[in-house]
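Structure record follows, encoded as structure tokens.
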Amino acid sequence: MNQDVPEQLVEAGRGYESLFVPALFEAWTKHLVDGAGIREGSHVLDVACGTGVLARNALARTGANGRVVGADPAPGMLAAAKEIEPGIDWVLCGAEALDVADEAFDSVISQFGMMFFEDRQKSADEMFRVMKPRGSLAIAVWRSVEHNPAYGDIISVLEQQVGTAAADALRLPYRLGDADQVTTVLESSGFTEITAEAKIETARFPSTRQMVEAELRGWLPLFDIFLSEEEIHGVLTESDKTLGKYSGPSGEATFPTSAHVFTARKP
Ligand SMILES: C[S@@+](CC[C@H](N)C(=O)[O-])C[C@H]1O[C@@H](n2cnc3c(N)ncnc32)[C@H](O)[C@@H]1O
């Protein structure tokens with residue numbers, strides 16, 4: 001697959017994996033793998049898999065007798081995922097039209113993708129379709145910015161230094177903080193035994209600068225927002241002051257992040 005994907009996109013995927021995954025996303029995978037009750041031999045689909053951190057952790061649980069498939073519409077993410085773990089089937093598709101068979105999976109898992117789905121109901125219907133009867137679902141969605149205050153701080157700095165478009169791009173991942181909204185969608189698809197639990201994990205970036213630069217150079221460009229070096233310098237200088245409270249003696253930035261973890265079953 002990597003041969004057909006422009007190198008710039010593959011590089012962006014590798015950048016996501018190195019800048020964001022160990023710092024922010026890896027810690028959540030255990031909640032999903034446990035929440036879905038993934039076992040040795042399970043057949044598992046990871047929707048919005050990105051570079052595959054959750055799929056890889058699911059594979060560690062299913063073992064060689066299981067099967068793990070990762071689905072994502074971003075070719076650069078999947079190309080990077082395949083470089084890391086060729087033993088998983090990586091399928092290029094969006095959550096609204098999963099390119100997999102009906103009733104093929106014991107478990108469907110998805111972390112930090114649903115906020116971006118264009119049609120959440122269709123995506124939940126698709127997860128239901130591809131799951132075996134009595135199959136299990138586990139989804140993680142960020143809570144609102146009020147529950148993720150370090151990102152609230154960066155958003156404030158961006159709003160002041162650069163403007164609303166850049167701040168809004170950073171608000172996007174936190175726009176589905178209302179658990180009832182997700183529960184309603186899951187119910188409408190036919191899922192039962194739905195639970196929603198607010199959980200907290202610690203994010204760990206090498207420094208606050210690295211954390212902010214990851215957003216400025218890795219996230220904003222996905223929205224066609226390319227800041228000048230002067231603007232980046234201004235944001236970093238201001239955020240040094242605002243985010244200093246998250247810095248430890250070694251310079252590492254640690255702060256709490258909060259998400260809802262949903263579990264459900266297909267009857
Ligand atoms: C924040 S990343 C999370 C990736 C991965 N689950 C992780 O934990 O690292 C969000 C992912 O959602 C994917 N995404 C965006 N729109 C999507 C859609 N409509 N259907 C499926 N995935 C989508 C993006 O390509 C991206 O890989």
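Residues are named by chain letter and number: chains run A, B, ... in the order of the structure tokens, numbers start at 1 in each chain, and ligands are numbered from 1 in the order shown.
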(request) Please extract the residues at most 8 Å from ligand 1, counting only C-alpha atoms and all ligand atoms, and provide them as a VMD selection string, using the chain letters and residue numbers of this document. (result) chain A and resid 17 20 to 21 25 to 26 28 to 29 46 to 54 71 to 74 77 93 to 96 110 to 114 116 to 119 123 173
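With only C-alpha atoms taken into account, the protein and nucleic acid residues at most 12 Å from Gly244 in chain A (excluding it and anything under 2 positions from it in its own chain) are Ala150, Asp153, Ile154, Ser207, Thr208, Arg209, Met211, Val212, Leu236, Thr237, Glu238, Ser239, Asp240, Lys241, Thr242, Tyr246, Ser247, Gly248, Pro249, Gly251, Glu252, Ala253, Thr254 and Phe255 of chain A.
The closest residue to Gln160 in chain A, picked from A:Val185, A:Leu19, A:Glu231, A:Glu146 and counting only C-alpha atoms, is A:Glu231.
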(request) Go through range 4-72 of chain A and collect every residue that DSSP, computed from the backbone, puts in alpha helix (DSSP H); the answer should be as an MDAnalysis selection string. (result) chainID A and resid 7:19 29:35 53:62
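Between CA of Pro133 in chain A and CA of Val68 in chain A there is a distance of 18.0 Å.
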